[in-house]
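Structure below is query09.txt: compact mmCIF, C-alpha atoms.
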```
# COMPACT_ATOMS: atom_id res chain seq x y z
CA MET A 16 -1.62 -8.57 14.19
CA ASN A 17 -4.28 -9.53 11.66
CA TYR A 18 -3.38 -11.36 8.46
CA VAL A 19 -5.16 -11.60 5.12
CA LYS A 20 -4.87 -14.54 2.74
CA LEU A 21 -4.09 -13.46 -0.81
CA ASN A 22 -5.61 -15.15 -3.86
CA ASN A 23 -2.60 -17.45 -4.23
CA GLY A 24 -2.75 -18.62 -0.60
CA ILE A 25 0.06 -16.37 0.69
CA GLU A 26 -0.64 -14.73 4.05
CA MET A 27 0.10 -11.01 4.36
CA PRO A 28 -0.01 -8.81 7.47
CA GLN A 29 -3.02 -6.49 7.29
CA MET A 30 -0.96 -3.68 8.75
CA GLY A 31 2.53 -2.57 7.76
CA TYR A 32 4.85 0.41 7.73
CA GLY A 33 5.09 2.64 4.65
CA VAL A 34 8.21 4.58 3.68
CA TYR A 35 6.78 7.00 1.11
CA GLN A 36 8.50 10.40 1.50
CA VAL A 37 11.03 8.95 3.95
CA SER A 38 14.43 10.19 2.81
CA PRO A 39 17.08 7.64 1.88
CA GLU A 40 19.16 8.95 4.78
CA GLU A 41 16.38 8.40 7.33
CA CYS A 42 14.89 5.21 5.92
CA GLU A 43 17.15 2.69 7.61
CA ARG A 44 16.53 4.22 11.05
CA CYS A 45 12.78 4.47 10.53
CA VAL A 46 12.40 0.89 9.31
CA SER A 47 14.61 -0.36 12.15
CA ASP A 48 12.36 1.45 14.64
CA ALA A 49 9.23 0.07 12.98
CA LEU A 50 10.56 -3.48 13.17
CA ARG A 51 11.41 -3.00 16.86
CA VAL A 52 7.88 -1.75 17.52
CA GLY A 53 6.46 -4.89 15.93
CA TYR A 54 5.70 -4.13 12.28
CA ARG A 55 6.43 -7.09 10.03
CA MET A 56 5.37 -5.67 6.65
CA ILE A 57 7.36 -2.87 4.99
CA ASP A 58 6.08 -1.05 1.89
CA THR A 59 8.58 0.71 -0.38
CA ALA A 60 8.92 1.44 -4.12
CA GLN A 61 11.53 2.06 -6.77
CA ALA A 62 10.31 5.66 -7.02
CA TYR A 63 10.89 6.30 -3.31
CA HIS A 64 14.66 5.85 -3.78
CA ASN A 65 14.97 4.17 -0.39
CA GLU A 66 14.91 0.43 -1.11
CA GLU A 67 18.54 0.25 0.05
CA GLY A 68 17.60 1.66 3.46
CA VAL A 69 14.84 -0.91 3.81
CA GLY A 70 17.23 -3.70 2.86
CA ASN A 71 19.86 -2.52 5.33
CA ALA A 72 17.34 -2.32 8.18
CA VAL A 73 15.93 -5.77 7.48
CA LYS A 74 19.38 -7.33 7.22
CA LYS A 75 20.56 -5.76 10.49
CA SER A 76 17.35 -6.49 12.39
CA GLY A 77 18.22 -10.07 13.27
CA ILE A 78 14.64 -11.03 12.32
CA ASP A 79 14.31 -14.09 10.10
CA ARG A 80 13.64 -12.97 6.52
CA LYS A 81 10.61 -15.26 6.28
CA ASP A 82 8.98 -13.29 9.09
CA ILE A 83 9.16 -9.97 7.22
CA PHE A 84 6.81 -9.21 4.33
CA LEU A 85 8.45 -6.88 1.80
CA VAL A 86 6.41 -4.88 -0.71
CA SER A 87 7.86 -2.81 -3.56
CA LYS A 88 6.61 -1.27 -6.80
CA VAL A 89 7.89 -0.96 -10.36
CA TRP A 90 7.97 2.66 -11.54
CA ILE A 91 6.63 3.70 -14.97
CA SER A 92 10.11 4.53 -16.30
CA ASN A 93 10.78 0.78 -15.98
CA TYR A 94 7.60 -0.34 -17.77
CA GLY A 95 7.73 -2.63 -20.76
CA TYR A 96 8.75 -6.26 -20.39
CA GLU A 97 12.54 -6.05 -20.56
CA ARG A 98 12.91 -2.90 -18.44
CA ALA A 99 10.53 -4.19 -15.80
CA LYS A 100 12.32 -7.53 -15.68
CA ALA A 101 15.68 -5.82 -15.14
CA SER A 102 14.22 -3.45 -12.55
CA ILE A 103 12.90 -6.36 -10.47
CA ASP A 104 16.42 -7.76 -10.27
CA GLU A 105 17.70 -4.31 -9.28
CA SER A 106 15.09 -4.06 -6.52
CA LEU A 107 16.14 -7.49 -5.26
CA ARG A 108 19.74 -6.31 -5.14
CA LYS A 109 18.90 -3.10 -3.29
CA LEU A 110 16.67 -4.93 -0.81
CA GLN A 111 19.40 -7.56 -0.32
CA THR A 112 16.96 -10.44 -0.70
CA ASP A 113 16.33 -13.41 -2.97
CA TYR A 114 12.62 -12.69 -3.21
CA ILE A 115 10.10 -9.89 -2.73
CA ASP A 116 6.83 -10.89 -1.07
CA LEU A 117 4.62 -8.57 -3.14
CA MET A 118 5.56 -6.52 -6.20
CA LEU A 119 3.14 -4.01 -7.69
CA LEU A 120 2.94 -1.90 -10.81
CA HIS A 121 2.98 1.62 -9.34
CA GLN A 122 0.80 3.49 -11.86
CA PRO A 123 -1.63 2.63 -14.70
CA PHE A 124 0.36 4.46 -17.39
CA CYS A 125 2.85 3.55 -20.17
CA ASP A 126 3.36 -0.12 -21.14
CA ARG A 127 1.68 -1.63 -18.10
CA TYR A 128 0.88 -4.86 -19.96
CA GLY A 129 4.51 -5.59 -20.79
CA ALA A 130 5.51 -4.71 -17.24
CA TYR A 131 2.84 -6.98 -15.78
CA ARG A 132 4.03 -9.87 -17.93
CA ALA A 133 7.47 -9.34 -16.39
CA LEU A 134 5.88 -9.58 -12.93
CA GLN A 135 4.16 -12.81 -13.95
CA ASP A 136 7.41 -14.36 -15.15
CA ALA A 137 9.32 -13.24 -12.04
CA TYR A 138 6.54 -14.78 -9.94
CA LYS A 139 6.88 -18.09 -11.79
CA GLU A 140 10.65 -17.95 -11.24
CA GLY A 141 10.18 -17.54 -7.48
CA LYS A 142 11.55 -13.99 -7.34
CA LEU A 143 8.15 -12.66 -6.30
CA ARG A 144 5.72 -14.42 -3.95
CA ALA A 145 2.72 -12.36 -5.11
CA ILE A 146 2.04 -9.64 -7.67
CA GLY A 147 -0.44 -6.81 -8.07
CA VAL A 148 -1.07 -3.23 -9.06
CA SER A 149 -1.35 0.23 -7.52
CA ASN A 150 -3.56 3.20 -8.41
CA PHE A 151 -5.61 1.15 -10.88
CA TYR A 152 -9.15 2.54 -11.01
CA PRO A 153 -11.99 0.08 -11.75
CA ASP A 154 -11.65 0.40 -15.54
CA HIS A 155 -7.86 -0.12 -15.52
CA PHE A 156 -8.19 -2.86 -12.90
CA ILE A 157 -10.93 -4.87 -14.63
CA ASP A 158 -9.00 -4.67 -17.90
CA ILE A 159 -5.74 -6.07 -16.53
CA ALA A 160 -7.42 -8.59 -14.20
CA SER A 161 -9.49 -9.94 -17.11
CA ASN A 162 -6.72 -10.15 -19.68
CA MET A 163 -3.59 -11.28 -17.83
CA GLU A 164 -2.78 -14.83 -16.79
CA ILE A 165 -2.42 -14.02 -13.08
CA VAL A 166 -5.08 -11.90 -11.39
CA PRO A 167 -3.56 -9.16 -9.18
CA ALA A 168 -3.42 -10.21 -5.53
CA VAL A 169 -3.56 -6.59 -4.34
CA ASN A 170 -4.57 -3.17 -5.68
CA GLN A 171 -3.09 -0.34 -3.61
CA VAL A 172 -5.18 2.83 -3.95
CA GLU A 173 -5.85 6.05 -2.06
CA THR A 174 -8.22 4.96 0.72
CA HIS A 175 -9.20 6.87 3.85
CA VAL A 176 -12.32 8.12 5.62
CA PHE A 177 -12.89 10.87 3.02
CA ASP A 178 -12.32 8.67 -0.05
CA GLN A 179 -13.55 5.25 1.00
CA GLN A 180 -13.38 3.31 -2.30
CA VAL A 181 -16.49 1.29 -1.48
CA GLU A 182 -17.48 0.37 -5.05
CA PRO A 183 -13.87 -0.19 -6.25
CA GLN A 184 -13.32 -2.51 -3.27
CA ARG A 185 -16.43 -4.48 -4.22
CA ILE A 186 -15.14 -4.84 -7.77
CA MET A 187 -11.72 -6.00 -6.53
CA GLU A 188 -13.39 -8.60 -4.35
CA GLU A 189 -15.18 -10.01 -7.43
CA PHE A 190 -11.70 -10.97 -8.68
CA GLY A 191 -10.40 -12.12 -5.29
CA THR A 192 -8.13 -9.07 -5.07
CA HIS A 193 -7.44 -7.31 -1.76
CA ILE A 194 -7.61 -3.55 -1.43
CA MET A 195 -4.58 -1.86 0.14
CA SER A 196 -4.65 1.75 1.30
CA TRP A 197 -2.07 4.37 0.60
CA GLY A 198 -2.57 7.59 2.51
CA PRO A 199 -4.74 6.11 5.31
CA PHE A 200 -4.50 9.49 7.08
CA ALA A 201 -4.96 11.46 3.81
CA GLU A 202 -1.72 13.18 4.88
CA GLY A 203 -3.92 15.18 7.27
CA ARG A 204 -5.90 16.75 4.45
CA GLY A 205 -9.57 17.56 4.92
CA GLY A 206 -8.98 18.22 8.61
CA LEU A 207 -8.78 14.49 9.31
CA PHE A 208 -6.89 14.81 12.61
CA THR A 209 -9.42 17.27 14.00
CA ASN A 210 -12.56 15.65 12.62
CA GLU A 211 -15.33 15.84 15.22
CA THR A 212 -16.91 12.50 14.32
CA LEU A 213 -13.62 10.63 14.66
CA ALA A 214 -12.72 12.51 17.84
CA HIS A 215 -16.06 11.70 19.47
CA ILE A 216 -15.80 8.02 18.59
CA GLY A 217 -12.21 7.94 19.81
CA ALA A 218 -13.25 9.37 23.17
CA GLN A 219 -15.64 6.46 23.66
CA HIS A 220 -12.76 4.01 23.31
CA GLY A 221 -9.89 5.98 24.81
CA LYS A 222 -8.27 6.17 21.38
CA THR A 223 -6.97 8.96 19.16
CA VAL A 224 -8.49 10.19 15.92
CA ALA A 225 -5.66 8.49 14.03
CA GLN A 226 -6.31 5.16 15.72
CA VAL A 227 -10.03 5.36 14.92
CA ALA A 228 -9.28 6.13 11.25
CA LEU A 229 -6.98 3.11 11.04
CA ARG A 230 -9.29 0.79 12.94
CA TRP A 231 -12.14 1.68 10.60
CA LEU A 232 -10.05 0.58 7.63
CA ILE A 233 -8.99 -2.64 9.35
CA GLN A 234 -12.62 -3.58 10.06
CA ARG A 235 -13.43 -3.04 6.37
CA GLY A 236 -10.76 -5.57 5.43
CA VAL A 237 -8.40 -2.92 4.03
CA ILE A 238 -4.63 -3.48 4.20
CA ILE A 239 -2.95 -0.38 5.67
CA ILE A 240 0.56 1.10 5.74
CA PRO A 241 0.57 4.21 7.98
CA LYS A 242 3.83 6.16 8.07
CA SER A 243 5.52 8.13 10.81
CA SER A 244 9.17 8.95 11.42
CA ARG A 245 8.57 9.03 15.20
CA MET A 246 8.77 5.78 17.12
CA GLU A 247 6.05 6.75 19.60
CA ARG A 248 3.62 7.40 16.73
CA MET A 249 4.59 4.09 15.12
CA GLN A 250 3.63 2.41 18.39
CA GLN A 251 0.39 4.36 18.61
CA ASN A 252 -0.56 3.45 15.05
CA ILE A 253 -0.07 -0.27 15.61
CA ASP A 254 -2.00 -0.19 18.89
CA ILE A 255 -5.40 -0.66 17.25
CA PHE A 256 -6.10 -4.34 17.80
CA ASP A 257 -7.44 -4.04 21.35
CA PHE A 258 -10.74 -2.35 20.50
CA GLU A 259 -13.54 -2.64 17.97
CA LEU A 260 -15.85 -0.06 16.43
CA THR A 261 -19.57 -0.75 16.69
CA ASP A 262 -21.79 -1.07 13.64
CA GLY A 263 -23.21 2.36 14.47
CA GLU A 264 -19.76 3.91 14.65
CA MET A 265 -18.78 2.30 11.36
CA GLN A 266 -21.90 3.82 9.79
CA GLN A 267 -21.13 7.27 11.21
CA ILE A 268 -17.68 7.18 9.63
CA ALA A 269 -19.14 5.90 6.35
CA LYS A 270 -21.05 9.19 6.11
CA LEU A 271 -17.72 11.09 5.85
CA ASP A 272 -17.12 9.70 2.35
CA THR A 273 -16.87 12.32 -0.39
CA GLY A 274 -16.14 9.78 -3.12
CA LYS A 275 -13.36 12.03 -4.41
CA SER A 276 -9.57 12.00 -4.26
CA LEU A 277 -7.85 14.56 -2.07
CA PHE A 278 -4.74 14.27 -4.24
CA PHE A 279 -5.29 13.72 -7.98
CA ASP A 280 -7.54 11.94 -10.46
CA HIS A 281 -5.76 9.38 -12.65
CA HIS A 282 -8.32 10.04 -15.38
CA ASP A 283 -7.55 13.75 -15.52
CA ALA A 284 -5.47 14.96 -18.48
CA GLU A 285 -3.22 17.13 -16.32
CA THR A 286 -2.53 14.21 -13.98
CA THR A 287 -1.47 12.11 -16.95
CA ARG A 288 0.80 14.90 -18.20
CA MET A 289 2.33 15.11 -14.72
CA PHE A 290 3.19 11.41 -14.70
CA MET A 291 4.55 11.56 -18.24
CA GLY A 292 7.01 14.14 -16.93
CA TRP A 293 8.19 11.65 -14.29
CA ARG A 294 9.10 8.87 -16.68
```
Using the file provided, produce a representation of the structure as structure tokens.
Amino acid sequence: MNYVKLNNGIEMPQMGYGVYQVSPEECERCVSDALRVGYRMIDTAQAYHNEEGVGNAVKKSGIDRKDIFLVSKVWISNYGYERAKASIDESLRKLQTDYIDLMLLHQPFCDRYGAYRALQDAYKEGKLRAIGVSNFYPDHFIDIASNMEIVPAVNQVETHVFDQQVEPQRIMEEFGTHIMSWGPFAEGRGGLFTNETLAHIGAQHGKTVAQVALRWLIQRGVIIIPKSSRMERMQQNIDIFDFELTDGEMQQIAKLDTGKSLFFDHHDAETTRMFMGWR
């Protein structure tokens, strides 16, 4: 397993297991399977409604808490200083832990400044080992990184072979912030799993399209959290540290970039209206 060092010196696994769209009923089983396979970073969120399942799996795993890196996110309905502060304590309770390794603001809407100040204070109190943001485009990111006391350690954004986030990653690196991918498989959109370029490269290494897509991200220094509810796929996804893509192969994949989201644009008015309906 590769590790990255965050801007406060904390080491974080470069690969973890994400539980977005994993039902509360299935979450404990899935996280237990992921931990058995060898994942040591679990990514959840208040909005996923499955923090309890993650906490149960971690507690029952028998693995020392210090060896598991937990990530969660504050939802926009909990933004503002006081609400965010209370929601962090609630996440700690649901996860059955005294600290969360990395806590992010989930979206760049509502009172993100008050919410981020709550993250800063929880960090100083030892409740959070690192803090950051999610879905912050360069303008939102530069603004908060320039004006808050603690620069985000991580910015989790849509990142995959079709939306590669090259310039945003460069901007994050100016601030010492690591890029973290959500949707590393683009949920299969854009024909990712049947892409001819990825398939051809995979054949050269005896690897699947999915493994090539993940390995490409790893070699770019991107933190990844692929999700699967099937244990054999979890194993396949983590089995990407025994090969390396050549410079030529990296360049071939770079040509797949469209520079556009396959999901939604956070600057679009309708996207903003959608999130306002989820407060």
Practice problem: Pick out the residues sitting within 10 Å of Ser38 of chain A, and hand them over as JSON, numbers by chain; count all atoms listed in the file, and ignore anything fewer than 5 positions along from it in its own chain. | Solution: {"A": [43, 45, 63, 64, 65, 68]}
Self-check item: Long-range neighbours of Asn150 of chain A as a PyMOL selection string, 9 Å cut-off, all atoms listed in the file, 6 positions minimum in chain
Solution: chain A and resi 120-123+156+170-173+281
Self-check item: atom CA of Tyr152 of chain A to atom CA of Gln61 of chain A, distance in Å rounded to a single decimal
Solution: 21.1 Å
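The list of residues with at least one atom within 12 Å of Val52 of chain A, based on all atoms listed in the file and without residues fewer than 6 positions apart in the same chain, reads Gly31, Tyr32, Cys45, Val46, Ser76, Arg245, Met246, Glu247, Arg248, Met249, Gln250, Gln251, Asn252, Ile253 and Asp254 of chain A.
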Quiz item: Between A:Ser149, A:Gln135, A:Gln266, A:Gln111, which one has atoms that come closest to Glu164 of chain A, using all atoms listed in the file?
Solution: A:Gln135
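Restricting the calculation to all atoms listed in the file, the smallest distance between Glu259 of chain A and any of A:Arg204, A:Lys142, A:Lys100, A:Arg235 is found for A:Arg235.
Candidate residues A:Asp113, A:Glu188, A:Glu211, A:Asp257 were compared for distance to Met16 of chain A, and the nearest is A:Asp257, using only C-alpha atoms.
Closest approach to Arg132 of chain A among A:Asp283, A:Glu97, A:Glu66, A:Asp178: A:Glu97, based on all atoms listed in the file.
Atom pair atom CA of Gly129 of chain A / atom CA of Gly147 of chain A has a distance of 13.7 Å (rounded to one decimal).
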Self-check item: Nearest residue to Leu213 of chain A from the set A:Glu264, A:Glu41, A:Asp104, A:Asp280 (distances using all atoms listed in the file)
Solution: A:Glu264
When you write segment 224-255 of chain A out from the block above, keep N, CA, C and O atoms and present the result as a tab-separated table (two decimals), in the first residue's frame, please.
```
chain	number	residue	atom	x	y	z
A	224	VAL	N	-9.36	-3.42	-17.24
A	224	VAL	CA	-9.58	-2.00	-17.50
A	224	VAL	C	-9.68	-1.24	-16.18
A	224	VAL	O	-9.08	-0.16	-16.03
A	225	ALA	N	-10.42	-1.78	-15.23
A	225	ALA	CA	-10.58	-1.11	-13.94
A	225	ALA	C	-9.24	-0.92	-13.24
A	225	ALA	O	-8.96	0.15	-12.68
A	226	GLN	N	-8.41	-1.93	-13.27
A	226	GLN	CA	-7.11	-1.84	-12.61
A	226	GLN	C	-6.21	-0.80	-13.29
A	226	GLN	O	-5.48	-0.08	-12.62
A	227	VAL	N	-6.28	-0.72	-14.61
A	227	VAL	CA	-5.50	0.30	-15.32
A	227	VAL	C	-5.97	1.69	-14.95
A	227	VAL	O	-5.17	2.60	-14.70
A	228	ALA	N	-7.30	1.89	-14.90
A	228	ALA	CA	-7.86	3.20	-14.55
A	228	ALA	C	-7.41	3.64	-13.15
A	228	ALA	O	-7.10	4.82	-12.92
A	229	LEU	N	-7.37	2.69	-12.21
A	229	LEU	CA	-6.95	3.01	-10.86
A	229	LEU	C	-5.44	3.24	-10.78
A	229	LEU	O	-4.97	4.17	-10.11
A	230	ARG	N	-4.69	2.41	-11.47
A	230	ARG	CA	-3.23	2.56	-11.44
A	230	ARG	C	-2.80	3.91	-12.02
A	230	ARG	O	-1.87	4.55	-11.51
A	231	TRP	N	-3.50	4.34	-13.06
A	231	TRP	CA	-3.20	5.64	-13.66
A	231	TRP	C	-3.36	6.77	-12.64
A	231	TRP	O	-2.53	7.68	-12.56
A	232	LEU	N	-4.41	6.69	-11.85
A	232	LEU	CA	-4.63	7.70	-10.81
A	232	LEU	C	-3.54	7.64	-9.74
A	232	LEU	O	-3.02	8.68	-9.31
A	233	ILE	N	-3.21	6.44	-9.32
A	233	ILE	CA	-2.17	6.27	-8.30
A	233	ILE	C	-0.86	6.90	-8.76
A	233	ILE	O	-0.18	7.61	-8.00
A	234	GLN	N	-0.49	6.66	-10.02
A	234	GLN	CA	0.79	7.19	-10.51
A	234	GLN	C	0.77	8.70	-10.66
A	234	GLN	O	1.82	9.34	-10.74
A	235	ARG	N	-0.42	9.30	-10.70
A	235	ARG	CA	-0.54	10.76	-10.74
A	235	ARG	C	-0.56	11.36	-9.33
A	235	ARG	O	-0.67	12.56	-9.16
A	236	GLY	N	-0.46	10.52	-8.31
A	236	GLY	CA	-0.47	11.00	-6.94
A	236	GLY	C	-1.85	11.24	-6.39
A	236	GLY	O	-2.01	11.90	-5.35
A	237	VAL	N	-2.89	10.72	-7.06
A	237	VAL	CA	-4.27	10.91	-6.63
A	237	VAL	C	-4.64	9.87	-5.58
A	237	VAL	O	-4.32	8.68	-5.73
A	238	ILE	N	-5.32	10.30	-4.52
A	238	ILE	CA	-5.86	9.38	-3.52
A	238	ILE	C	-7.17	8.82	-4.06
A	238	ILE	O	-7.99	9.57	-4.59
A	239	ILE	N	-7.39	7.50	-3.94
A	239	ILE	CA	-8.56	6.88	-4.56
A	239	ILE	C	-9.36	6.06	-3.56
A	239	ILE	O	-8.82	5.49	-2.61
A	240	ILE	N	-10.68	5.98	-3.81
A	240	ILE	CA	-11.58	5.21	-2.93
A	240	ILE	C	-12.59	4.42	-3.77
A	240	ILE	O	-13.79	4.67	-3.70
A	241	PRO	N	-12.13	3.45	-4.57
A	241	PRO	CA	-13.07	2.67	-5.37
A	241	PRO	C	-14.04	1.90	-4.49
A	241	PRO	O	-13.69	1.49	-3.37
A	242	LYS	N	-15.25	1.69	-5.00
A	242	LYS	CA	-16.28	0.99	-4.24
A	242	LYS	C	-16.77	-0.22	-5.01
A	242	LYS	O	-16.94	-0.18	-6.23
A	243	SER	N	-16.98	-1.31	-4.28
A	243	SER	CA	-17.67	-2.47	-4.81
A	243	SER	C	-18.29	-3.19	-3.63
A	243	SER	O	-17.74	-3.18	-2.52
A	244	SER	N	-19.44	-3.81	-3.83
A	244	SER	CA	-20.07	-4.58	-2.76
A	244	SER	C	-19.64	-6.04	-2.81
A	244	SER	O	-20.02	-6.83	-1.95
A	245	ARG	N	-18.84	-6.40	-3.82
A	245	ARG	CA	-18.39	-7.79	-4.01
A	245	ARG	C	-16.94	-7.93	-3.59
A	245	ARG	O	-16.07	-7.20	-4.05
A	246	MET	N	-16.68	-8.91	-2.72
A	246	MET	CA	-15.35	-9.07	-2.14
A	246	MET	C	-14.29	-9.34	-3.20
A	246	MET	O	-13.17	-8.84	-3.11
A	247	GLU	N	-14.65	-10.12	-4.25
A	247	GLU	CA	-13.66	-10.42	-5.27
A	247	GLU	C	-13.26	-9.17	-6.05
A	247	GLU	O	-12.10	-9.01	-6.47
A	248	ARG	N	-14.20	-8.25	-6.24
A	248	ARG	CA	-13.88	-6.98	-6.91
A	248	ARG	C	-13.05	-6.08	-5.99
A	248	ARG	O	-12.17	-5.36	-6.45
A	249	MET	N	-13.36	-6.10	-4.70
A	249	MET	CA	-12.53	-5.35	-3.75
A	249	MET	C	-11.08	-5.79	-3.86
A	249	MET	O	-10.16	-4.97	-3.87
A	250	GLN	N	-10.88	-7.11	-3.92
A	250	GLN	CA	-9.53	-7.66	-4.03
A	250	GLN	C	-8.88	-7.25	-5.34
A	250	GLN	O	-7.71	-6.85	-5.38
A	251	GLN	N	-9.65	-7.31	-6.42
A	251	GLN	CA	-9.13	-6.93	-7.72
A	251	GLN	C	-8.72	-5.46	-7.74
A	251	GLN	O	-7.66	-5.11	-8.27
A	252	ASN	N	-9.54	-4.61	-7.14
A	252	ASN	CA	-9.25	-3.18	-7.13
A	252	ASN	C	-7.97	-2.85	-6.36
A	252	ASN	O	-7.24	-1.91	-6.74
A	253	ILE	N	-7.71	-3.58	-5.29
A	253	ILE	CA	-6.53	-3.26	-4.48
A	253	ILE	C	-5.26	-3.88	-5.06
A	253	ILE	O	-4.14	-3.52	-4.69
A	254	ASP	N	-5.43	-4.79	-6.02
A	254	ASP	CA	-4.30	-5.50	-6.61
A	254	ASP	C	-3.70	-4.70	-7.77
A	254	ASP	O	-3.66	-5.15	-8.91
A	255	ILE	N	-3.23	-3.50	-7.45
A	255	ILE	CA	-2.69	-2.62	-8.50
A	255	ILE	C	-1.29	-2.10	-8.17
A	255	ILE	O	-0.79	-1.19	-8.83
```
